[in-house]
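Printed here is structure10.cif (mmCIF, C-alpha atoms):
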data_entry
loop_
_atom_site.label_atom_id
_atom_site.label_comp_id
_atom_site.auth_asym_id
_atom_site.auth_seq_id
_atom_site.Cartn_x
_atom_site.Cartn_y
_atom_site.Cartn_z
CA MET E 101 -67.66 68.25 33.28
CA LYS E 102 -70.19 69.32 35.90
CA ILE E 103 -69.57 67.89 39.34
CA GLY E 104 -71.72 67.66 42.44
CA ILE E 105 -69.83 67.54 45.71
CA LEU E 106 -71.23 65.71 48.73
CA ILE E 107 -70.09 66.81 52.18
CA SER E 108 -71.03 66.27 55.81
CA GLY E 109 -68.73 68.70 57.58
CA ARG E 110 -66.04 71.25 56.88
CA GLY E 111 -65.47 69.87 53.43
CA SER E 112 -61.81 70.79 53.13
CA ASN E 113 -61.47 68.49 50.11
CA MET E 114 -64.51 70.21 48.62
CA GLN E 115 -62.68 73.51 49.07
CA ALA E 116 -59.63 72.08 47.31
CA LEU E 117 -61.81 71.00 44.38
CA VAL E 118 -63.56 74.37 44.25
CA LYS E 119 -60.22 76.17 44.14
CA ALA E 120 -58.90 73.88 41.42
CA ALA E 121 -62.07 74.31 39.36
CA ALA E 122 -61.65 78.07 39.55
CA GLU E 123 -58.53 77.82 37.40
CA PRO E 124 -59.41 78.77 33.83
CA ASP E 125 -58.04 75.61 32.19
CA TYR E 126 -59.43 73.12 34.71
CA PRO E 127 -61.73 70.60 32.97
CA ALA E 128 -64.42 70.41 35.67
CA GLU E 129 -66.78 72.92 37.22
CA VAL E 130 -68.65 72.66 40.50
CA ALA E 131 -72.41 72.59 39.82
CA VAL E 132 -73.64 72.07 43.36
CA VAL E 133 -72.46 71.33 46.91
CA ILE E 134 -74.81 69.16 48.93
CA SER E 135 -74.63 68.36 52.64
CA ASN E 136 -76.66 65.83 54.57
CA ARG E 137 -76.11 67.92 57.67
CA PRO E 138 -77.61 71.39 57.92
CA ASP E 139 -74.79 72.59 60.18
CA ALA E 140 -71.93 71.55 57.87
CA LEU E 141 -69.40 74.37 57.78
CA GLY E 142 -68.65 73.60 54.15
CA LEU E 143 -72.07 74.95 53.14
CA GLU E 144 -71.05 78.41 54.29
CA TYR E 145 -67.86 78.23 52.28
CA ALA E 146 -69.77 77.17 49.15
CA ARG E 147 -72.25 80.01 49.54
CA HIS E 148 -69.45 82.44 50.22
CA VAL E 149 -67.83 81.64 46.87
CA GLY E 150 -71.19 81.83 45.08
CA LEU E 151 -71.94 78.15 44.57
CA PRO E 152 -75.35 76.52 45.01
CA ALA E 153 -75.25 74.95 48.48
CA VAL E 154 -78.09 72.60 49.31
CA THR E 155 -78.94 70.80 52.54
CA ILE E 156 -80.68 67.46 52.28
CA ASP E 157 -81.04 66.48 55.91
CA HIS E 158 -81.11 62.70 56.05
CA LYS E 159 -83.00 62.87 59.35
CA ALA E 160 -85.96 64.39 57.53
CA TYR E 161 -86.49 61.26 55.44
CA ASP E 162 -88.20 58.03 56.45
CA SER E 163 -85.73 55.76 54.70
CA ARG E 164 -82.33 55.73 53.06
CA GLU E 165 -84.09 55.27 49.75
CA ALA E 166 -86.25 58.37 50.23
CA PHE E 167 -83.17 60.40 51.20
CA GLU E 168 -81.29 59.13 48.18
CA ARG E 169 -84.18 59.86 45.81
CA GLU E 170 -84.02 63.50 46.85
CA LEU E 171 -80.22 63.48 46.62
CA ASP E 172 -80.44 62.04 43.11
CA ARG E 173 -83.08 64.57 42.11
CA VAL E 174 -81.05 67.58 43.26
CA LEU E 175 -77.86 66.27 41.66
CA ARG E 176 -79.66 65.90 38.32
CA GLN E 177 -81.40 69.24 38.71
CA TYR E 178 -77.96 70.89 38.66
CA GLY E 179 -76.79 68.84 35.70
CA THR E 180 -74.31 66.74 37.71
CA GLU E 181 -72.23 64.43 35.55
CA LEU E 182 -69.88 63.22 38.27
CA ILE E 183 -70.32 63.02 42.04
CA CYS E 184 -67.30 63.76 44.23
CA ASN E 185 -67.64 62.58 47.83
CA ALA E 186 -65.67 64.85 50.13
CA GLY E 187 -66.01 63.71 53.70
CA PHE E 188 -69.58 62.59 53.07
CA MET E 189 -70.40 60.38 56.04
CA ARG E 190 -73.55 58.55 54.88
CA LEU E 191 -73.40 55.04 53.51
CA LEU E 192 -75.21 54.87 50.18
CA THR E 193 -77.40 51.97 49.09
CA ALA E 194 -76.56 49.74 46.15
CA GLY E 195 -79.41 51.33 44.19
CA PHE E 196 -77.85 54.79 44.38
CA VAL E 197 -74.28 53.56 43.88
CA ASP E 198 -75.26 51.52 40.82
CA ALA E 199 -77.19 54.42 39.32
CA TRP E 200 -73.99 56.48 39.41
CA HIS E 201 -71.66 53.65 38.43
CA ASP E 202 -68.31 55.06 37.27
CA ARG E 203 -69.76 58.54 37.85
CA GLN E 204 -69.03 58.82 41.57
CA ILE E 205 -65.60 59.12 43.15
CA ASN E 206 -64.35 59.27 46.72
CA ILE E 207 -61.15 60.07 48.59
CA HIS E 208 -59.93 57.89 51.42
CA PRO E 209 -57.01 58.63 53.78
CA SER E 210 -54.95 55.48 53.21
CA LEU E 211 -53.12 53.65 50.46
CA LEU E 212 -56.03 51.41 49.51
CA PRO E 213 -56.68 48.50 49.62
CA ALA E 214 -54.90 48.84 52.97
CA TYR E 215 -56.70 50.48 55.90
CA LYS E 216 -60.23 50.75 54.55
CA GLY E 217 -62.90 52.12 56.85
CA LEU E 218 -62.70 54.42 59.81
CA HIS E 219 -59.69 55.27 61.96
CA SER E 220 -57.11 54.56 59.25
CA HIS E 221 -54.43 56.70 60.87
CA GLU E 222 -54.82 55.04 64.27
CA ARG E 223 -54.41 51.63 62.67
CA VAL E 224 -51.41 52.75 60.60
CA LEU E 225 -49.70 53.98 63.76
CA ALA E 226 -50.63 50.83 65.70
CA ASP E 227 -48.98 48.75 62.98
CA GLY E 228 -45.78 50.81 62.99
CA VAL E 229 -46.11 51.49 59.27
CA LYS E 230 -43.66 54.09 57.90
CA ILE E 231 -45.47 55.14 54.72
CA THR E 232 -49.16 55.79 54.29
CA GLY E 233 -51.11 58.06 51.97
CA CYS E 234 -54.45 58.65 50.34
CA SER E 235 -56.43 57.27 47.44
CA VAL E 236 -59.10 58.53 45.05
CA HIS E 237 -61.30 55.75 43.70
CA PHE E 238 -64.56 55.12 41.90
CA VAL E 239 -67.30 54.25 44.34
CA ARG E 240 -68.68 50.72 44.60
CA THR E 241 -71.14 49.26 47.09
CA ALA E 242 -68.37 47.86 49.29
CA MET E 243 -66.94 50.66 51.45
CA ASP E 244 -63.66 52.16 50.22
CA ALA E 245 -63.47 49.59 47.45
CA GLY E 246 -63.64 50.37 43.77
CA PRO E 247 -61.09 51.05 41.05
CA ILE E 248 -58.24 53.30 42.22
CA ILE E 249 -57.68 56.41 40.10
CA ALA E 250 -54.68 57.93 41.85
CA GLN E 251 -52.74 57.65 45.09
CA ALA E 252 -50.34 59.82 47.04
CA ALA E 253 -47.69 58.54 49.45
CA VAL E 254 -47.07 60.33 52.75
CA PRO E 255 -44.45 59.54 55.38
CA VAL E 256 -45.25 58.58 58.94
CA LEU E 257 -42.80 60.50 61.12
CA GLU E 258 -41.39 59.62 64.53
CA GLY E 259 -43.63 60.69 67.34
CA ASP E 260 -46.71 61.14 65.17
CA GLU E 261 -50.06 61.11 66.91
CA PRO E 262 -53.14 60.31 64.83
CA GLY E 263 -53.93 64.00 64.51
CA ASP E 264 -50.45 64.80 63.19
CA LEU E 265 -50.72 62.09 60.60
CA ALA E 266 -54.27 63.08 59.65
CA ALA E 267 -53.15 66.67 59.04
CA ARG E 268 -50.19 65.59 56.90
CA VAL E 269 -52.28 63.17 54.84
CA LEU E 270 -54.98 65.83 54.46
CA GLN E 271 -52.44 68.13 52.81
CA ALA E 272 -51.76 65.37 50.30
CA GLU E 273 -55.49 64.81 49.82
CA HIS E 274 -55.87 68.45 48.84
CA GLN E 275 -53.32 67.92 46.08
CA LEU E 276 -54.47 64.47 45.04
CA TYR E 277 -58.20 65.02 44.70
CA PRO E 278 -57.98 67.85 42.14
CA HIS E 279 -55.32 65.84 40.30
CA ALA E 280 -57.51 62.71 40.13
CA LEU E 281 -60.65 64.64 39.23
CA LYS E 282 -58.76 66.23 36.37
CA LEU E 283 -57.82 62.79 35.03
CA VAL E 284 -61.46 61.72 35.17
CA ALA E 285 -62.88 64.97 33.76
CA GLU E 286 -60.47 64.86 30.82
CA GLY E 287 -61.64 61.34 30.07
CA ARG E 288 -58.13 60.01 30.66
CA ALA E 289 -59.02 57.75 33.61
CA ARG E 290 -61.20 54.92 32.39
CA VAL E 291 -62.37 51.76 34.15
CA ARG E 292 -61.44 48.54 32.44
CA ASP E 293 -61.84 45.17 34.19
CA GLU E 294 -62.44 47.03 37.44
CA LYS E 295 -59.07 48.74 37.24
CA VAL E 296 -58.37 52.30 36.14
CA VAL E 297 -56.35 52.78 32.99
CA ILE E 298 -54.84 56.23 32.43
CA ASP E 299 -54.63 57.35 28.83
CA GLY E 300 -51.91 59.62 27.56
CA ASN E 301 -48.18 59.74 27.62
CA ASP E 302 -47.89 60.66 31.24
CA ARG E 303 -47.29 57.30 32.84
CA ALA E 304 -46.65 58.90 36.20
CA ALA E 305 -50.04 60.59 36.53
CA PRO E 306 -51.62 58.16 39.03
CA ALA E 307 -48.99 58.61 41.73
CA LEU E 308 -48.01 61.65 43.76
CA PHE E 309 -45.19 61.72 46.27
CA SER E 310 -44.55 64.10 49.08
CA PRO E 311 -41.94 66.58 47.88
CA LEU E 312 -40.80 67.06 51.45
CA ILE E 313 -39.22 63.79 52.38
CA GLY E 314 -36.37 61.70 51.08
CA ALA E 315 -33.28 59.94 52.27
CA ARG E 316 -31.63 62.22 54.78
CA ASP E 317 -28.46 60.40 55.65
CA MET V 135 -21.59 45.89 63.59
CA LYS V 136 -20.74 42.60 61.91
CA ILE V 137 -23.44 41.29 59.62
CA GLY V 138 -24.03 37.92 58.03
CA ILE V 139 -25.98 37.98 54.77
CA LEU V 140 -28.20 35.06 53.75
CA ILE V 141 -28.86 34.55 50.04
CA SER V 142 -30.34 31.92 47.75
CA GLY V 143 -29.65 33.40 44.32
CA ARG V 144 -28.10 36.44 42.68
CA GLY V 145 -28.25 38.40 45.90
CA SER V 146 -28.58 41.84 44.38
CA ASN V 147 -29.58 43.25 47.75
CA MET V 148 -26.51 41.57 49.24
CA GLN V 149 -24.44 43.40 46.64
CA ALA V 150 -26.08 46.70 47.62
CA LEU V 151 -25.22 46.04 51.28
CA VAL V 152 -21.64 45.07 50.41
CA LYS V 153 -21.19 48.27 48.42
CA ALA V 154 -22.63 50.40 51.21
CA ALA V 155 -20.43 48.67 53.80
CA ALA V 156 -17.37 49.47 51.69
CA GLU V 157 -17.87 53.16 52.40
CA PRO V 158 -15.46 54.25 55.12
CA ASP V 159 -18.06 55.78 57.44
CA TYR V 160 -20.67 53.02 57.12
CA PRO V 161 -21.46 51.52 60.55
CA ALA V 162 -21.67 47.86 59.46
CA GLU V 163 -19.26 45.43 57.89
CA VAL V 164 -20.03 42.19 56.09
CA ALA V 165 -18.58 39.27 58.04
CA VAL V 166 -19.89 36.41 55.89
CA VAL V 167 -22.22 35.66 52.97
CA ILE V 168 -24.06 32.34 53.25
CA SER V 169 -26.14 30.61 50.59
CA ASN V 170 -28.37 27.57 51.01
CA ARG V 171 -27.86 26.86 47.32
CA PRO V 172 -24.41 25.93 46.00
CA ASP V 173 -25.15 27.47 42.58
CA ALA V 174 -26.20 30.90 43.91
CA LEU V 175 -24.58 33.54 41.72
CA GLY V 176 -24.19 35.81 44.70
CA LEU V 177 -21.50 33.52 46.12
CA GLU V 178 -19.25 34.35 43.18
CA TYR V 179 -19.77 38.05 43.72
CA ALA V 180 -18.90 37.73 47.41
CA ARG V 181 -15.72 35.79 46.67
CA HIS V 182 -14.82 38.25 43.92
CA VAL V 183 -14.85 41.13 46.41
CA GLY V 184 -12.89 39.10 48.96
CA LEU V 185 -15.65 38.18 51.41
CA PRO V 186 -16.07 34.79 53.07
CA ALA V 187 -18.71 32.98 51.00
CA VAL V 188 -20.10 29.79 52.49
CA THR V 189 -22.53 27.26 51.08
CA ILE V 190 -24.76 25.41 53.52
CA ASP V 191 -26.80 23.23 51.21
CA HIS V 192 -30.10 22.57 52.94
CA LYS V 193 -30.51 19.39 50.89
CA ALA V 194 -27.53 17.89 52.71
CA TYR V 195 -29.31 18.01 56.07
CA ASP V 196 -31.91 15.60 57.39
CA SER V 197 -34.07 18.27 58.98
CA ARG V 198 -34.65 21.99 59.08
CA GLU V 199 -33.27 21.96 62.60
CA ALA V 200 -30.01 20.30 61.51
CA PHE V 201 -29.63 22.79 58.65
CA GLU V 202 -30.29 25.70 60.99
CA ARG V 203 -27.82 24.39 63.60
CA GLU V 204 -25.09 24.57 60.97
CA LEU V 205 -26.31 27.97 59.79
CA ASP V 206 -26.21 29.25 63.34
CA ARG V 207 -22.75 27.78 63.91
CA VAL V 208 -21.25 29.42 60.81
CA LEU V 209 -22.88 32.77 61.56
CA ARG V 210 -21.39 32.76 65.07
CA GLN V 211 -18.02 31.52 63.77
CA TYR V 212 -17.74 34.75 61.78
CA GLY V 213 -18.86 36.91 64.70
CA THR V 214 -22.24 37.82 63.20
CA GLU V 215 -24.15 40.33 65.28
CA LEU V 216 -27.01 40.89 62.82
CA ILE V 217 -28.38 38.67 60.06
CA CYS V 218 -29.57 40.34 56.85
CA ASN V 219 -31.79 38.16 54.66
CA ALA V 220 -31.32 39.10 51.01
CA GLY V 221 -33.50 36.93 48.81
CA PHE V 222 -33.03 33.99 51.17
CA MET V 223 -35.74 31.54 50.16
CA ARG V 224 -35.84 29.13 53.10
CA LEU V 225 -38.44 29.42 55.81
CA LEU V 226 -36.78 29.43 59.21
CA THR V 227 -38.16 27.64 62.26
CA ALA V 228 -39.30 29.44 65.37
CA GLY V 229 -36.25 28.13 67.21
CA PHE V 230 -33.84 29.89 64.85
CA VAL V 231 -35.93 33.05 64.55
CA ASP V 232 -36.26 33.36 68.31
CA ALA V 233 -32.53 32.79 68.83
CA TRP V 234 -31.86 35.83 66.60
CA HIS V 235 -34.76 37.92 67.91
CA ASP V 236 -34.26 41.59 66.93
CA ARG V 237 -30.95 40.54 65.35
CA GLN V 238 -32.29 39.44 61.97
CA ILE V 239 -33.78 41.70 59.31
CA ASN V 240 -35.38 41.09 55.94
CA ILE V 241 -36.44 43.08 52.88
CA HIS V 242 -39.79 42.48 51.21
CA PRO V 243 -40.99 44.00 47.92
CA SER V 244 -44.22 45.61 49.13
CA LEU V 245 -45.44 48.25 51.54
CA LEU V 246 -46.04 45.87 54.43
CA PRO V 247 -48.38 44.82 55.96
CA ALA V 248 -49.90 44.83 52.47
CA TYR V 249 -48.93 42.10 50.01
CA LYS V 250 -47.01 39.73 52.24
CA GLY V 251 -45.74 36.51 50.71
CA LEU V 252 -44.87 35.59 47.16
CA HIS V 253 -45.95 37.30 43.93
CA SER V 254 -46.47 40.71 45.52
CA HIS V 255 -46.13 42.56 42.24
CA GLU V 256 -48.66 40.37 40.43
CA ARG V 257 -51.17 41.01 43.20
CA VAL V 258 -50.48 44.76 43.24
CA LEU V 259 -51.15 44.91 39.50
CA ALA V 260 -54.26 42.73 39.79
CA ASP V 261 -55.65 45.16 42.36
CA GLY V 262 -54.95 48.22 40.20
CA VAL V 263 -52.90 49.82 42.97
CA LYS V 264 -50.97 52.96 41.93
CA ILE V 265 -48.30 53.05 44.63
CA THR V 266 -46.34 50.15 46.01
CA GLY V 267 -42.86 49.90 47.49
CA CYS V 268 -40.61 47.86 49.72
CA SER V 269 -40.07 47.34 53.43
CA VAL V 270 -37.20 46.34 55.70
CA HIS V 271 -38.36 44.70 58.92
CA PHE V 272 -37.15 42.65 61.84
CA VAL V 273 -37.85 38.96 61.30
CA ARG V 274 -40.54 37.17 63.26
CA THR V 275 -41.88 33.64 62.87
CA ALA V 276 -44.84 34.80 60.77
CA MET V 277 -43.68 35.39 57.19
CA ASP V 278 -43.03 39.03 56.26
CA ALA V 279 -44.33 40.16 59.62
CA GLY V 280 -42.26 41.87 62.28
CA PRO V 281 -41.55 45.48 63.20
CA ILE V 282 -41.00 47.70 60.15
CA ILE V 283 -37.72 49.63 60.16
CA ALA V 284 -38.06 51.61 56.94
CA GLN V 285 -40.14 51.70 53.78
CA ALA V 286 -39.79 53.17 50.30
CA ALA V 287 -42.67 54.12 48.02
CA VAL V 288 -42.53 53.34 44.31
CA PRO V 289 -45.08 54.24 41.62
CA VAL V 290 -46.93 51.70 39.52
CA LEU V 291 -46.89 53.05 35.98
CA GLU V 292 -49.36 52.52 33.15
CA GLY V 293 -48.69 49.37 31.20
CA ASP V 294 -46.47 47.81 33.86
CA GLU V 295 -45.99 44.08 33.69
CA PRO V 296 -44.87 42.30 36.87
CA GLY V 297 -41.27 42.28 35.65
CA ASP V 298 -41.28 46.05 35.06
CA LEU V 299 -42.60 46.66 38.52
CA ALA V 300 -40.20 44.16 40.09
CA ALA V 301 -37.25 45.95 38.46
CA ARG V 302 -38.42 49.38 39.61
CA VAL V 303 -39.04 48.22 43.17
CA LEU V 304 -35.68 46.44 43.20
CA GLN V 305 -33.94 49.75 42.49
CA ALA V 306 -35.66 51.15 45.56
CA GLU V 307 -34.71 48.06 47.58
CA HIS V 308 -31.05 48.71 46.76
CA GLN V 309 -31.40 52.18 48.30
CA LEU V 310 -33.62 51.19 51.18
CA TYR V 311 -31.75 48.19 52.55
CA PRO V 312 -28.43 50.00 53.17
CA HIS V 313 -30.42 52.90 54.62
CA ALA V 314 -32.33 50.64 57.04
CA LEU V 315 -29.25 48.62 58.00
CA LYS V 316 -27.47 51.85 58.83
CA LEU V 317 -30.30 52.84 61.20
CA VAL V 318 -30.02 49.45 62.93
CA ALA V 319 -26.22 49.36 63.02
CA GLU V 320 -26.08 52.83 64.54
CA GLY V 321 -28.47 51.69 67.24
CA ARG V 322 -31.01 54.27 66.13
CA ALA V 323 -33.74 51.76 65.18
CA ARG V 324 -35.02 50.06 68.30
CA VAL V 325 -37.99 47.75 68.83
CA ARG V 326 -40.47 48.95 71.40
CA ASP V 327 -43.90 47.29 71.75
CA GLU V 328 -43.27 45.46 68.49
CA LYS V 329 -42.86 48.73 66.60
CA VAL V 330 -39.62 50.36 65.52
CA VAL V 331 -38.73 53.69 67.08
CA ILE V 332 -36.07 55.74 65.30
CA ASP V 333 -33.83 57.83 67.56
CA GLY V 334 -32.32 61.10 66.53
CA ASN V 335 -33.50 64.33 65.07
CA ASP V 336 -34.18 62.98 61.62
CA ARG V 337 -37.86 62.24 61.76
CA ALA V 338 -37.90 61.42 58.07
CA ALA V 339 -35.39 58.59 58.21
CA PRO V 340 -37.84 55.66 57.98
CA ALA V 341 -39.34 56.71 54.64
CA LEU V 342 -37.79 56.99 51.21
CA PHE V 343 -39.61 58.22 48.12
CA SER V 344 -38.78 57.71 44.51
CA PRO V 345 -37.04 60.89 43.35
CA LEU V 346 -38.35 60.25 39.84
CA ILE V 347 -42.05 60.76 40.12
CA GLY V 348 -44.31 63.61 41.11
CA ALA V 349 -47.34 65.45 39.90
CA ARG V 350 -46.88 65.97 36.20
CA ASP V 351 -49.91 67.96 35.18
#
Could you show the structure in this file as structure tokens?
Amino acid sequence: MKIGILISGRGSNMQALVKAAAEPDYPAEVAVVISNRPDALGLEYARHVGLPAVTIDHKAYDSREAFERELDRVLRQYGTELICNAGFMRLLTAGFVDAWHDRQINIHPSLLPAYKGLHSHERVLADGVKITGCSVHFVRTAMDAGPIIAQAAVPVLEGDEPGDLAARVLQAEHQLYPHALKLVAEGRARVRDEKVVIDGNDRAAPALFSPLIGARD
Amino acid sequence: MKIGILISGRGSNMQALVKAAAEPDYPAEVAVVISNRPDALGLEYARHVGLPAVTIDHKAYDSREAFERELDRVLRQYGTELICNAGFMRLLTAGFVDAWHDRQINIHPSLLPAYKGLHSHERVLADGVKITGCSVHFVRTAMDAGPIIAQAAVPVLEGDEPGDLAARVLQAEHQLYPHALKLVAEGRARVRDEKVVIDGNDRAAPALFSPLIGARD
């Protein structure tokens, strides 16, 4: 399955997908990396590893629709079958989202449906929550909504600042995103009634747990 | 620390606390088990293991306040320092809750603040969530609110019905509740700004993860 990855910055999740796709038995290959920001560091990484890296600067377009038409055109030009958002910071219109229905996935740093939107880690810490995580889901028009493909649980530790928690969850994201993409690329993760059903004997596939943490006393 | 356990039914979490408290180095002991229902199976268990088991039938009282006065009296009679709700199905008034402020804890079968209230597992499955869990928290007047002491994460597996998920989460509850009570009884879990701070070097203490499930492919 050919994937197009959308980034806006460093694209560390993009890098995790690129590394996973480099494994010989991985069922997806990266067709193109696209950034809406010309200065995104992830573009350099993509070029460095020999991938097509395209800038589509949203500021150069009169409207969201015009920007998205070009985005759509470039994705199709490279044969994209599935879009993977990886820290892509532009909201997409319903027209674009619907055109890629069930063919666009995103990663969000919380256990959805909890803590949608920005500043998830700050809100987790403000609530005194002890377990958080990350989620990969199909994209719908509502932000951070859409059928959940896989989730990973991550502990909140005493004394965590938002940056500490963000770094710990990001490590889980780098494991979860390739895992979830694999389920989709193999055709094992299918949307039914706006929920994701995982085919196959592996009932545990949708959940990852930190190997680091357990009962200590 | 002397604890009073409130039940309404089988009290499987009560049984888990009783078993934990039977360990010689456990920092809490069960002073009394109280049920608001005379037919609660948990009462038999408590008597069987030699614990005071008291029925305070809420139907025998004219008002919630009268019922709670008797509840309070019996708890104090047995020297209760901390109340542990274990499937206790009566809502308590603000007067009672405030009288036991930071001295009453509860277990709820979800990763709070998500899925408060009844039928958590049904709602988790309806949302297609892949990770759920359970939470032990200090009791406040709002239902299933209050500072979170500890949480455990549990996977939702393909094909789960609510009963399957309830059973799996209940296993985690039986590990989590003794773990959280220990943190409170040792004085390590303290409320500060309506969040729980855990003292000691063990930063991982507030989170438990299922040992069963990890990445499988």
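Computed from the coordinates, the CA of Arg337 in chain V to CA of His235 in chain V distance equals 25.3 Å.
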Counting all atoms listed in the file, chain V residues within 8 Å of chain E, as a ChimeraX atom specification: /V:245-248,261-265,281-287,289-292,313,329-332,336-345,347-351
Report, as AutoDock Vina command-line options, the axis-aligned box around all atoms of range 221-233 of chain V present in the file, extended by 3 Å on each side; give centre and edge lengths in Å to one decimal place.
--center_x -35.9 --center_y 32.3 --center_z 58.8 --size_x 12.8 --size_y 15.3 --size_z 26.0
Range 135-151 of chain V surroundings by all atoms listed in the file, 9 Å radius, close-in-sequence under 5 positions cut, as number ranges by chain: V: 156, 161-177, 179-180, 209, 212-224, 241, 304, 307-309, 311-312, 315, 319-320
Length of the CA of Arg169 in chain E to CA of Thr193 in chain E vector [Å]: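 If I compute the distance from CA of Arg169 in chain E to CA of Thr193 in chain E, I get 10.9 Å.
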Nearest to Phe167 in chain E by atom-to-atom distance, counting only C-alpha atoms, from E:Ile205, E:Leu265, E:Leu191, E:Cys234: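 Using only C-alpha atoms, Phe167 in chain E sits closest to E:Leu191.
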Contact residues around Glu170 in chain E with all atoms listed in the file at 12 Å, ignoring same-chain residues under 3 positions, as a list in words: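 That gives Ile134, Asn136, Val154, Thr155, Ile156, Asp157, His158, Ala160, Tyr161, Asp162, Ser163, Arg164, Glu165, Ala166, Phe167, Arg173, Val174, Leu175, Arg176, Gln177 and Phe196 of chain E.
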Pick from V:Ala314, V:Met277, V:Ala323, V:Ala300, whichever lies nearest to Tyr160 in chain V using all atoms listed in the file: V:Ala314
Point-to-point distance in Å for CA of Ala154 in chain V and CA of His271 in chain V: 18.4 Å
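Close to (-65.8, 57.5, 38.9), meaning no more than 7 Å away when counting only C-alpha atoms, sit the residues Asp202, Arg203, Gln204, Ile205, His237, Phe238 and Val239 of chain E.
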